[in-house]
$ cat model_20.pdb   # PDB, C-alpha atoms
ATOM      1  CA  MET Z  17      90.447  82.741  96.432  1.00  0.00           C
ATOM      2  CA  ASP Z  18      93.516  81.327  98.160  1.00  0.00           C
ATOM      3  CA  ASN Z  19      95.754  84.044  99.616  1.00  0.00           C
ATOM      4  CA  THR Z  20      98.911  82.469  98.185  1.00  0.00           C
ATOM      5  CA  LEU Z  21      97.798  83.266  94.652  1.00  0.00           C
ATOM      6  CA  GLU Z  22      96.851  86.805  95.605  1.00  0.00           C
ATOM      7  CA  CYS Z  23     100.259  87.336  97.187  1.00  0.00           C
ATOM      8  CA  ALA Z  24     102.211  86.338  94.093  1.00  0.00           C
ATOM      9  CA  ARG Z  25      99.960  88.067  91.600  1.00  0.00           C
ATOM     10  CA  ASP Z  26     101.792  91.341  90.878  1.00  0.00           C
ATOM     11  CA  VAL Z  27     105.355  90.017  90.914  1.00  0.00           C
ATOM     12  CA  SER Z  28     104.457  87.100  88.643  1.00  0.00           C
ATOM     13  CA  ALA Z  29     102.337  89.246  86.333  1.00  0.00           C
ATOM     14  CA  SER Z  30     105.153  91.780  85.938  1.00  0.00           C
ATOM     15  CA  MET Z  31     107.679  89.045  85.153  1.00  0.00           C
ATOM     16  CA  ASP Z  32     105.299  87.435  82.681  1.00  0.00           C
ATOM     17  CA  LEU Z  33     104.735  90.771  80.957  1.00  0.00           C
ATOM     18  CA  ALA Z  34     108.473  91.481  80.683  1.00  0.00           C
ATOM     19  CA  TRP Z  35     109.113  88.009  79.200  1.00  0.00           C
ATOM     20  CA  ASP Z  36     106.124  88.347  76.864  1.00  0.00           C
ATOM     21  CA  ASN Z  37     107.396  91.718  75.619  1.00  0.00           C
ATOM     22  CA  LEU Z  38     110.775  90.220  74.738  1.00  0.00           C
ATOM     23  CA  HIS Z  39     108.977  87.617  72.653  1.00  0.00           C
ATOM     24  CA  LYS Z  40     106.647  90.110  70.966  1.00  0.00           C
ATOM     25  CA  GLU Z  41     109.612  92.327  70.099  1.00  0.00           C
ATOM     26  CA  GLY Z  42     111.400  89.362  68.477  1.00  0.00           C
ATOM     27  CA  ILE Z  43     114.230  89.299  71.007  1.00  0.00           C
ATOM     28  CA  THR Z  44     113.363  85.750  72.077  1.00  0.00           C
ATOM     29  CA  THR Z  45     111.987  83.021  69.871  1.00  0.00           C
ATOM     30  CA  THR Z  46     108.634  81.312  70.277  1.00  0.00           C
ATOM     31  CA  GLU Z  47     110.460  78.156  71.398  1.00  0.00           C
ATOM     32  CA  GLU Z  48     112.337  80.119  74.089  1.00  0.00           C
ATOM     33  CA  PHE Z  49     109.176  81.913  75.164  1.00  0.00           C
ATOM     34  CA  GLU Z  50     107.163  78.701  75.506  1.00  0.00           C
ATOM     35  CA  SER Z  51     109.907  76.680  77.197  1.00  0.00           C
ATOM     36  CA  CYS Z  52     110.450  79.160  80.039  1.00  0.00           C
ATOM     37  CA  THR Z  53     108.827  77.769  83.149  1.00  0.00           C
ATOM     38  CA  SER Z  54     109.288  78.285  86.834  1.00  0.00           C
ATOM     39  CA  SER Z  55     108.466  75.478  89.220  1.00  0.00           C
ATOM     40  CA  ILE Z  56     106.220  77.001  91.849  1.00  0.00           C
ATOM     41  CA  ALA Z  57     103.437  75.146  93.603  1.00  0.00           C
ATOM     42  CA  PHE Z  58     100.842  76.911  95.696  1.00  0.00           C
ATOM     43  CA  ARG Z  59      98.958  74.593  98.002  1.00  0.00           C
ATOM     44  CA  ASN Z  60      95.968  75.510 100.081  1.00  0.00           C
ATOM     45  CA  SER Z  61      95.693  74.558 103.757  1.00  0.00           C
ATOM     46  CA  GLN Z  62      93.723  71.368 103.111  1.00  0.00           C
ATOM     47  CA  GLU Z  63      96.223  70.142 100.515  1.00  0.00           C
ATOM     48  CA  ILE Z  64      98.971  70.582 103.087  1.00  0.00           C
ATOM     49  CA  LYS Z  65      97.019  68.708 105.788  1.00  0.00           C
ATOM     50  CA  ASP Z  66      95.869  65.835 103.526  1.00  0.00           C
ATOM     51  CA  PRO Z  67      99.007  63.664 103.855  1.00  0.00           C
ATOM     52  CA  PHE Z  68      98.623  63.794 107.649  1.00  0.00           C
ATOM     53  CA  GLU Z  69      94.900  63.000 107.605  1.00  0.00           C
ATOM     54  CA  ASN Z  70      94.585  60.327 104.921  1.00  0.00           C
ATOM     55  CA  GLY Z  71      95.019  57.376 107.210  1.00  0.00           C
ATOM     56  CA  ASN Z  72      97.731  54.784 107.229  1.00  0.00           C
ATOM     57  CA  MET Z  73      98.069  54.709 103.429  1.00  0.00           C
ATOM     58  CA  SER Z  74      99.794  58.115 103.402  1.00  0.00           C
ATOM     59  CA  LEU Z  75     103.583  57.989 103.059  1.00  0.00           C
ATOM     60  CA  VAL Z  76     103.751  60.835 105.572  1.00  0.00           C
ATOM     61  CA  ARG Z  77     101.822  58.777 108.125  1.00  0.00           C
ATOM     62  CA  GLN Z  78     103.857  55.665 107.315  1.00  0.00           C
ATOM     63  CA  ALA Z  79     106.991  57.703 108.094  1.00  0.00           C
ATOM     64  CA  GLY Z  80     105.522  58.302 111.557  1.00  0.00           C
ATOM     65  CA  LEU Z  81     104.776  62.007 111.153  1.00  0.00           C
ATOM     66  CA  ASN Z  82     101.777  63.541 112.912  1.00  0.00           C
ATOM     67  CA  LEU Z  83     100.455  67.042 112.460  1.00  0.00           C
ATOM     68  CA  LEU Z  84     100.624  68.964 115.737  1.00  0.00           C
ATOM     69  CA  LYS Z  85      99.711  72.484 114.608  1.00  0.00           C
ATOM     70  CA  GLY Z  86      98.748  74.324 111.469  1.00  0.00           C
ATOM     71  CA  PRO Z  87      99.007  75.029 108.788  1.00  0.00           C
ATOM     72  CA  GLU Z  88      99.165  78.719 109.625  1.00  0.00           C
ATOM     73  CA  ASP Z  89      99.568  81.635 107.242  1.00  0.00           C
ATOM     74  CA  PHE Z  90     102.239  84.264 107.782  1.00  0.00           C
ATOM     75  CA  TYR Z  91     102.607  87.440 105.780  1.00  0.00           C
ATOM     76  CA  LEU Z  92     105.971  89.072 106.169  1.00  0.00           C
ATOM     77  CA  PRO Z  93     106.398  92.771 105.547  1.00  0.00           C
ATOM     78  CA  CYS Z  94     108.114  93.455 102.231  1.00  0.00           C
ATOM     79  CA  SER Z  95     111.493  94.942 103.147  1.00  0.00           C
ATOM     80  CA  ILE Z  96     111.743  96.628  99.753  1.00  0.00           C
ATOM     81  CA  LYS Z  97     108.364  98.282 100.197  1.00  0.00           C
ATOM     82  CA  GLN Z  98     109.482  99.403 103.665  1.00  0.00           C
ATOM     83  CA  MET Z  99     112.623 101.021 102.174  1.00  0.00           C
ATOM     84  CA  TRP Z 100     110.461 102.760  99.561  1.00  0.00           C
ATOM     85  CA  ARG Z 101     108.157 104.090 102.309  1.00  0.00           C
ATOM     86  CA  GLU Z 102     111.099 105.338 104.381  1.00  0.00           C
ATOM     87  CA  LYS Z 103     112.495 107.244 101.406  1.00  0.00           C
ATOM     88  CA  LEU Z 104     109.051 108.687 100.748  1.00  0.00           C
ATOM     89  CA  HIS Z 105     108.585 109.821 104.354  1.00  0.00           C
ATOM     90  CA  MET Z 106     112.140 111.026 105.006  1.00  0.00           C
ATOM     91  CA  ASP Z 107     112.978 112.632 101.664  1.00  0.00           C
ATOM     92  CA  GLY Z 108     109.508 113.236 100.249  1.00  0.00           C
ATOM     93  CA  VAL Z 109     110.593 111.296  97.171  1.00  0.00           C
ATOM     94  CA  GLU Z 110     108.307 108.664  95.682  1.00  0.00           C
ATOM     95  CA  ASP Z 111     110.955 106.684  93.816  1.00  0.00           C
ATOM     96  CA  ARG Z 112     109.011 103.928  92.070  1.00  0.00           C
ATOM     97  CA  LYS Z 113     111.960 103.108  89.847  1.00  0.00           C
ATOM     98  CA  LEU Z 114     114.084 102.421  92.930  1.00  0.00           C
ATOM     99  CA  PHE Z 115     111.332 100.163  94.278  1.00  0.00           C
ATOM    100  CA  ALA Z 116     111.270  98.199  91.004  1.00  0.00           C
ATOM    101  CA  PHE Z 117     115.075  98.023  90.824  1.00  0.00           C
ATOM    102  CA  LEU Z 118     115.406  96.742  94.398  1.00  0.00           C
ATOM    103  CA  LEU Z 119     112.592  94.243  93.845  1.00  0.00           C
ATOM    104  CA  ILE Z 120     114.129  92.672  90.739  1.00  0.00           C
ATOM    105  CA  ASN Z 121     117.533  92.575  92.431  1.00  0.00           C
ATOM    106  CA  ALA Z 122     115.985  90.598  95.287  1.00  0.00           C
ATOM    107  CA  LEU Z 123     114.461  88.185  92.769  1.00  0.00           C
ATOM    108  CA  ARG Z 124     117.481  88.040  90.465  1.00  0.00           C
ATOM    109  CA  LEU Z 125     118.969  84.751  91.676  1.00  0.00           C
ATOM    110  CA  PRO Z 126     115.960  82.483  91.037  1.00  0.00           C
ATOM    111  CA  VAL Z 127     114.842  84.454  87.976  1.00  0.00           C
ATOM    112  CA  GLU Z 128     118.259  84.418  86.371  1.00  0.00           C
ATOM    113  CA  ALA Z 129     118.677  80.670  86.905  1.00  0.00           C
ATOM    114  CA  THR Z 130     115.315  79.978  85.245  1.00  0.00           C
ATOM    115  CA  LEU Z 131     115.938  82.289  82.292  1.00  0.00           C
ATOM    116  CA  ARG Z 132     119.488  81.109  81.684  1.00  0.00           C
ATOM    117  CA  ASN Z 133     118.307  77.503  81.781  1.00  0.00           C
ATOM    118  CA  THR Z 134     115.704  78.375  79.147  1.00  0.00           C
ATOM    119  CA  LEU Z 135     118.244  80.124  76.901  1.00  0.00           C
ATOM    120  CA  ARG Z 136     121.278  77.848  77.363  1.00  0.00           C
ATOM    121  CA  LYS Z 137     120.358  75.535  74.461  1.00  0.00           C
ATOM    122  CA  THR Z 138     119.859  78.341  71.952  1.00  0.00           C
ATOM    123  CA  ARG Z 139     122.094  81.245  73.040  1.00  0.00           C
ATOM    124  CA  THR Z 140     125.696  81.995  73.853  1.00  0.00           C
ATOM    125  CA  ALA Z 141     126.505  83.214  77.354  1.00  0.00           C
ATOM    126  CA  GLU Z 142     126.867  86.763  75.988  1.00  0.00           C
ATOM    127  CA  GLU Z 143     123.456  86.602  74.281  1.00  0.00           C
ATOM    128  CA  GLN Z 144     121.904  85.223  77.463  1.00  0.00           C
ATOM    129  CA  SER Z 145     123.319  88.114  79.486  1.00  0.00           C
ATOM    130  CA  SER Z 146     122.002  90.642  76.982  1.00  0.00           C
ATOM    131  CA  ILE Z 147     118.508  89.125  77.051  1.00  0.00           C
ATOM    132  CA  LEU Z 148     118.539  88.995  80.852  1.00  0.00           C
ATOM    133  CA  GLU Z 149     119.454  92.684  81.082  1.00  0.00           C
ATOM    134  CA  GLN Z 150     116.645  93.529  78.661  1.00  0.00           C
ATOM    135  CA  PHE Z 151     114.251  91.454  80.767  1.00  0.00           C
ATOM    136  CA  TYR Z 152     115.288  93.309  83.930  1.00  0.00           C
ATOM    137  CA  GLU Z 153     114.894  96.681  82.167  1.00  0.00           C
ATOM    138  CA  ARG Z 154     111.367  95.808  81.040  1.00  0.00           C
ATOM    139  CA  PHE Z 155     110.444  94.563  84.509  1.00  0.00           C
ATOM    140  CA  ILE Z 156     111.693  97.810  86.076  1.00  0.00           C
ATOM    141  CA  LYS Z 157     109.883  99.889  83.460  1.00  0.00           C
ATOM    142  CA  GLN Z 158     106.610  97.997  84.076  1.00  0.00           C
ATOM    143  CA  VAL Z 159     106.769  97.987  87.878  1.00  0.00           C
ATOM    144  CA  SER Z 160     107.782 101.670  87.943  1.00  0.00           C
ATOM    145  CA  THR Z 161     104.336 102.527  86.560  1.00  0.00           C
ATOM    146  CA  LEU Z 162     102.599 100.793  89.483  1.00  0.00           C
ATOM    147  CA  ASN Z 163     101.935 102.000  93.008  1.00  0.00           C
ATOM    148  CA  PRO Z 164     104.324 100.234  95.402  1.00  0.00           C
ATOM    149  CA  GLU Z 165     101.816 100.688  98.220  1.00  0.00           C
ATOM    150  CA  THR Z 166      99.294  98.397  96.500  1.00  0.00           C
ATOM    151  CA  PHE Z 167     101.833  96.176  94.711  1.00  0.00           C
ATOM    152  CA  GLN Z 168     101.595  92.579  95.992  1.00  0.00           C
ATOM    153  CA  SER Z 169     105.181  91.910  97.073  1.00  0.00           C
ATOM    154  CA  GLU Z 170     104.809  90.645 100.633  1.00  0.00           C
ATOM    155  CA  PRO Z 171     106.346  87.215 101.138  1.00  0.00           C
ATOM    156  CA  PHE Z 172     103.771  84.615 102.118  1.00  0.00           C
ATOM    157  CA  ILE Z 173     104.632  81.553 104.152  1.00  0.00           C
ATOM    158  CA  ARG Z 174     102.356  78.714 105.160  1.00  0.00           C
ATOM    159  CA  GLY Z 175     103.840  76.616 107.907  1.00  0.00           C
ATOM    160  CA  LEU Z 176     102.946  73.700 110.115  1.00  0.00           C
ATOM    161  CA  VAL Z 177     104.377  71.786 113.021  1.00  0.00           C
ATOM    162  CA  ALA Z 178     104.738  68.023 112.734  1.00  0.00           C
ATOM    163  CA  GLN Z 179     106.279  65.439 115.016  1.00  0.00           C
ATOM    164  CA  LYS Z 180     107.757  62.062 114.226  1.00  0.00           C
ATOM    165  CA  LEU Z 181     106.670  59.317 116.589  1.00  0.00           C
ATOM    166  CA  LYS Z 182     109.425  56.978 117.677  1.00  0.00           C
TER     167      LYS Z 182
END
$ encode --input "model_20.pdb" --output "structure tokens"
Amino acid sequence: MDNTLECARDVSASMDLAWDNLHKEGITTTEEFESCTSSIAFRNSQEIKDPFENGNMSLVRQAGLNLLKGPEDFYLPCSIKQMWREKLHMDGVEDRKLFAFLLINALRLPVEATLRNTLRKTRTAEEQSSILEQFYERFIKQVSTLNPETFQSEPFIRGLVAQKLK
């Protein structure tokens, strides 16, 4: 299994569950539920290298780019998980709700844009805001039941170094 999918598993699953619950509870329509999509592409290392290795027919090669290094995988520590751990160690408080709240706040900008775009054709701005708050509440409720220590929230980056020949 590619590590990128493993990394995104818990955050995506929790968002999907929160959105699904809104639909099952009749808060969003089937049309709204089905039209909500987020554009995320996970590529494995070979898919990233292919444009550099597929000979002169590749647009990347035609642009004069050559792969120098990589791709390499980097896992960054989750700052929200680190805050949760600090509170646990310093205060002896395992505040899972705080973990979930901080996590959704970190994700709010891209999530809100996607959800508002989905709802803009069918809902007023006030209705959109109400649905978004209900989504966030369900996400927090769901994530609060999970162990932050094993929750997959570490950012994953796959990078490479390329050079353009003159």
$ resolve_selection --input "model_20.pdb" --expression "the PyMOL selection byres ((chain Z and resi 118) around 12)" --output "PDB file with C-alpha atoms, in the coordinates of the input"
ATOM      1  CA  CYS Z  94     108.114  93.455 102.231  1.00  0.00           C
ATOM      2  CA  SER Z  95     111.493  94.942 103.147  1.00  0.00           C
ATOM      3  CA  ILE Z  96     111.743  96.628  99.753  1.00  0.00           C
ATOM      4  CA  LYS Z  97     108.364  98.282 100.197  1.00  0.00           C
ATOM      5  CA  GLN Z  98     109.482  99.403 103.665  1.00  0.00           C
ATOM      6  CA  MET Z  99     112.623 101.021 102.174  1.00  0.00           C
ATOM      7  CA  TRP Z 100     110.461 102.760  99.561  1.00  0.00           C
ATOM      8  CA  ASP Z 111     110.955 106.684  93.816  1.00  0.00           C
ATOM      9  CA  ARG Z 112     109.011 103.928  92.070  1.00  0.00           C
ATOM     10  CA  LYS Z 113     111.960 103.108  89.847  1.00  0.00           C
ATOM     11  CA  LEU Z 114     114.084 102.421  92.930  1.00  0.00           C
ATOM     12  CA  PHE Z 115     111.332 100.163  94.278  1.00  0.00           C
ATOM     13  CA  ALA Z 116     111.270  98.199  91.004  1.00  0.00           C
ATOM     14  CA  PHE Z 117     115.075  98.023  90.824  1.00  0.00           C
ATOM     15  CA  LEU Z 119     112.592  94.243  93.845  1.00  0.00           C
ATOM     16  CA  ILE Z 120     114.129  92.672  90.739  1.00  0.00           C
ATOM     17  CA  ASN Z 121     117.533  92.575  92.431  1.00  0.00           C
ATOM     18  CA  ALA Z 122     115.985  90.598  95.287  1.00  0.00           C
ATOM     19  CA  LEU Z 123     114.461  88.185  92.769  1.00  0.00           C
ATOM     20  CA  ARG Z 124     117.481  88.040  90.465  1.00  0.00           C
ATOM     21  CA  TYR Z 152     115.288  93.309  83.930  1.00  0.00           C
ATOM     22  CA  PHE Z 155     110.444  94.563  84.509  1.00  0.00           C
ATOM     23  CA  ILE Z 156     111.693  97.810  86.076  1.00  0.00           C
ATOM     24  CA  VAL Z 159     106.769  97.987  87.878  1.00  0.00           C
ATOM     25  CA  SER Z 160     107.782 101.670  87.943  1.00  0.00           C
ATOM     26  CA  PRO Z 164     104.324 100.234  95.402  1.00  0.00           C
ATOM     27  CA  SER Z 169     105.181  91.910  97.073  1.00  0.00           C
TER      28      SER Z 169
END
$ closest_residue --input "model_20.pdb" --among "Z:Phe58, Z:Thr140, Z:Arg154, Z:Leu176" --to "Asp36 of chain Z" --atoms "all atoms listed in the file"
Z:Arg154
$ residues_around --input "model_20.pdb" --residues "Lys137 of chain Z" --least-positions-apart "3" --cutoff "12 Å" --atoms "all atoms listed in the file" --output "MDAnalysis selection string"
chainID Z and resid 47:48 51:52 131:134 140:141 143:144
$ residues_near_point --input "model_20.pdb" --point "(100.8, 84.7, 103.8)" --cutoff "6 Å" --atoms "only C-alpha atoms" --output "PyMOL selection string"
chain Z and resi 89-91+172-173
$ closest_residue --input "model_20.pdb" --among "Z:Asp66, Z:Ser30, Z:Lys180, Z:Thr44" --to "Thr161 of chain Z" --atoms "all atoms listed in the file"
Z:Ser30
$ closest_residue --input "model_20.pdb" --among "Z:Asn82, Z:Gln158, Z:Ser146, Z:Thr45" --to "Gln179 of chain Z" --atoms "only C-alpha atoms"
Z:Asn82
$ axis_aligned_box --input "model_20.pdb" --around "segment 78-87 of chain Z" --padding-each-side "6 Å" --output "JSON"
{"center_x": 102.9, "center_y": 65.3, "center_z": 111.5, "size_x": 20.2, "size_y": 31.4, "size_z": 20.4}
$ resolve_selection --input "model_20.pdb" --expression "the PyMOL selection byres ((chain Z and resi 64) around 12)" --output "number ranges by chain"
Z: 57-63, 65-70, 76, 83, 85-89, 174-178
$ write_last_selection --input "model_20.pdb" --atoms "C-alpha atoms" --output "PDB file, keeping the file's coordinate frame"
ATOM      1  CA  ALA Z  57     103.437  75.146  93.603  1.00  0.00           C
ATOM      2  CA  PHE Z  58     100.842  76.911  95.696  1.00  0.00           C
ATOM      3  CA  ARG Z  59      98.958  74.593  98.002  1.00  0.00           C
ATOM      4  CA  ASN Z  60      95.968  75.510 100.081  1.00  0.00           C
ATOM      5  CA  SER Z  61      95.693  74.558 103.757  1.00  0.00           C
ATOM      6  CA  GLN Z  62      93.723  71.368 103.111  1.00  0.00           C
ATOM      7  CA  GLU Z  63      96.223  70.142 100.515  1.00  0.00           C
ATOM      8  CA  LYS Z  65      97.019  68.708 105.788  1.00  0.00           C
ATOM      9  CA  ASP Z  66      95.869  65.835 103.526  1.00  0.00           C
ATOM     10  CA  PRO Z  67      99.007  63.664 103.855  1.00  0.00           C
ATOM     11  CA  PHE Z  68      98.623  63.794 107.649  1.00  0.00           C
ATOM     12  CA  GLU Z  69      94.900  63.000 107.605  1.00  0.00           C
ATOM     13  CA  ASN Z  70      94.585  60.327 104.921  1.00  0.00           C
ATOM     14  CA  VAL Z  76     103.751  60.835 105.572  1.00  0.00           C
ATOM     15  CA  LEU Z  83     100.455  67.042 112.460  1.00  0.00           C
ATOM     16  CA  LYS Z  85      99.711  72.484 114.608  1.00  0.00           C
ATOM     17  CA  GLY Z  86      98.748  74.324 111.469  1.00  0.00           C
ATOM     18  CA  PRO Z  87      99.007  75.029 108.788  1.00  0.00           C
ATOM     19  CA  GLU Z  88      99.165  78.719 109.625  1.00  0.00           C
ATOM     20  CA  ASP Z  89      99.568  81.635 107.242  1.00  0.00           C
ATOM     21  CA  ARG Z 174     102.356  78.714 105.160  1.00  0.00           C
ATOM     22  CA  GLY Z 175     103.840  76.616 107.907  1.00  0.00           C
ATOM     23  CA  LEU Z 176     102.946  73.700 110.115  1.00  0.00           C
ATOM     24  CA  VAL Z 177     104.377  71.786 113.021  1.00  0.00           C
ATOM     25  CA  ALA Z 178     104.738  68.023 112.734  1.00  0.00           C
TER      26      ALA Z 178
END
$ decode --input "model_20.pdb" --residues "segment 113-136 of chain Z" --atoms "N, CA, C and O atoms" --output "short mmCIF file (atom, residue, chain, number, x, y, z; two decimals), in the first residue's frame"
data_model
loop_
_atom_site.label_atom_id
_atom_site.label_comp_id
_atom_site.auth_asym_id
_atom_site.auth_seq_id
_atom_site.Cartn_x
_atom_site.Cartn_y
_atom_site.Cartn_z
N LYS Z 113 -11.34 16.02 22.63
CA LYS Z 113 -12.20 17.01 21.97
C LYS Z 113 -11.37 18.20 21.50
O LYS Z 113 -11.59 18.72 20.42
N LEU Z 114 -10.40 18.62 22.30
CA LEU Z 114 -9.52 19.70 21.90
C LEU Z 114 -8.72 19.30 20.66
O LEU Z 114 -8.57 20.08 19.73
N PHE Z 115 -8.22 18.07 20.65
CA PHE Z 115 -7.49 17.57 19.48
C PHE Z 115 -8.37 17.67 18.23
O PHE Z 115 -7.94 18.20 17.20
N ALA Z 116 -9.61 17.19 18.32
CA ALA Z 116 -10.51 17.22 17.18
C ALA Z 116 -10.84 18.65 16.76
O ALA Z 116 -10.87 18.96 15.56
N PHE Z 117 -11.06 19.52 17.73
CA PHE Z 117 -11.38 20.92 17.45
C PHE Z 117 -10.21 21.61 16.73
O PHE Z 117 -10.41 22.29 15.73
N LEU Z 118 -9.00 21.42 17.25
CA LEU Z 118 -7.83 22.04 16.62
C LEU Z 118 -7.58 21.47 15.22
O LEU Z 118 -7.19 22.20 14.30
N LEU Z 119 -7.83 20.18 15.05
CA LEU Z 119 -7.63 19.55 13.75
C LEU Z 119 -8.59 20.12 12.70
O LEU Z 119 -8.16 20.50 11.61
N ILE Z 120 -9.87 20.22 13.03
CA ILE Z 120 -10.82 20.73 12.04
C ILE Z 120 -10.58 22.21 11.79
O ILE Z 120 -10.76 22.69 10.66
N ASN Z 121 -10.11 22.95 12.79
CA ASN Z 121 -9.78 24.35 12.55
C ASN Z 121 -8.62 24.50 11.58
O ASN Z 121 -8.60 25.40 10.75
N ALA Z 122 -7.66 23.59 11.66
CA ALA Z 122 -6.53 23.61 10.73
C ALA Z 122 -6.98 23.27 9.31
O ALA Z 122 -6.38 23.73 8.34
N LEU Z 123 -8.01 22.47 9.19
CA LEU Z 123 -8.50 22.03 7.88
C LEU Z 123 -9.65 22.89 7.37
O LEU Z 123 -10.14 22.68 6.26
N ARG Z 124 -10.09 23.84 8.15
CA ARG Z 124 -11.30 24.60 7.85
C ARG Z 124 -11.28 25.31 6.50
O ARG Z 124 -12.27 25.31 5.78
N LEU Z 125 -10.16 25.94 6.17
CA LEU Z 125 -10.11 26.72 4.92
C LEU Z 125 -10.39 25.86 3.68
O LEU Z 125 -11.31 26.17 2.92
N PRO Z 126 -9.65 24.79 3.45
CA PRO Z 126 -9.98 23.99 2.25
C PRO Z 126 -11.31 23.26 2.35
O PRO Z 126 -12.03 23.13 1.36
N VAL Z 127 -11.67 22.82 3.55
CA VAL Z 127 -12.94 22.10 3.72
C VAL Z 127 -14.11 23.04 3.47
O VAL Z 127 -15.05 22.70 2.76
N GLU Z 128 -14.03 24.21 4.06
CA GLU Z 128 -15.14 25.16 3.92
C GLU Z 128 -15.34 25.57 2.46
O GLU Z 128 -16.47 25.68 1.98
N ALA Z 129 -14.25 25.80 1.74
CA ALA Z 129 -14.37 26.18 0.33
C ALA Z 129 -15.07 25.08 -0.47
O ALA Z 129 -15.95 25.36 -1.29
N THR Z 130 -14.70 23.84 -0.22
CA THR Z 130 -15.31 22.71 -0.94
C THR Z 130 -16.79 22.59 -0.61
O THR Z 130 -17.63 22.44 -1.50
N LEU Z 131 -17.12 22.65 0.68
CA LEU Z 131 -18.52 22.49 1.09
C LEU Z 131 -19.38 23.66 0.62
O LEU Z 131 -20.50 23.45 0.15
N ARG Z 132 -18.88 24.86 0.76
CA ARG Z 132 -19.67 26.01 0.29
C ARG Z 132 -19.89 25.94 -1.23
O ARG Z 132 -20.96 26.28 -1.71
N ASN Z 133 -18.88 25.52 -1.96
CA ASN Z 133 -19.04 25.38 -3.40
C ASN Z 133 -20.12 24.35 -3.73
O ASN Z 133 -20.88 24.52 -4.68
N THR Z 134 -20.18 23.29 -2.95
CA THR Z 134 -21.21 22.27 -3.15
C THR Z 134 -22.60 22.82 -2.86
O THR Z 134 -23.56 22.49 -3.57
N LEU Z 135 -22.72 23.65 -1.84
CA LEU Z 135 -24.03 24.12 -1.37
C LEU Z 135 -24.49 25.43 -2.00
O LEU Z 135 -25.66 25.80 -1.87
N ARG Z 136 -23.61 26.12 -2.71
CA ARG Z 136 -23.94 27.47 -3.19
C ARG Z 136 -25.10 27.51 -4.18
O ARG Z 136 -25.80 28.51 -4.26
#
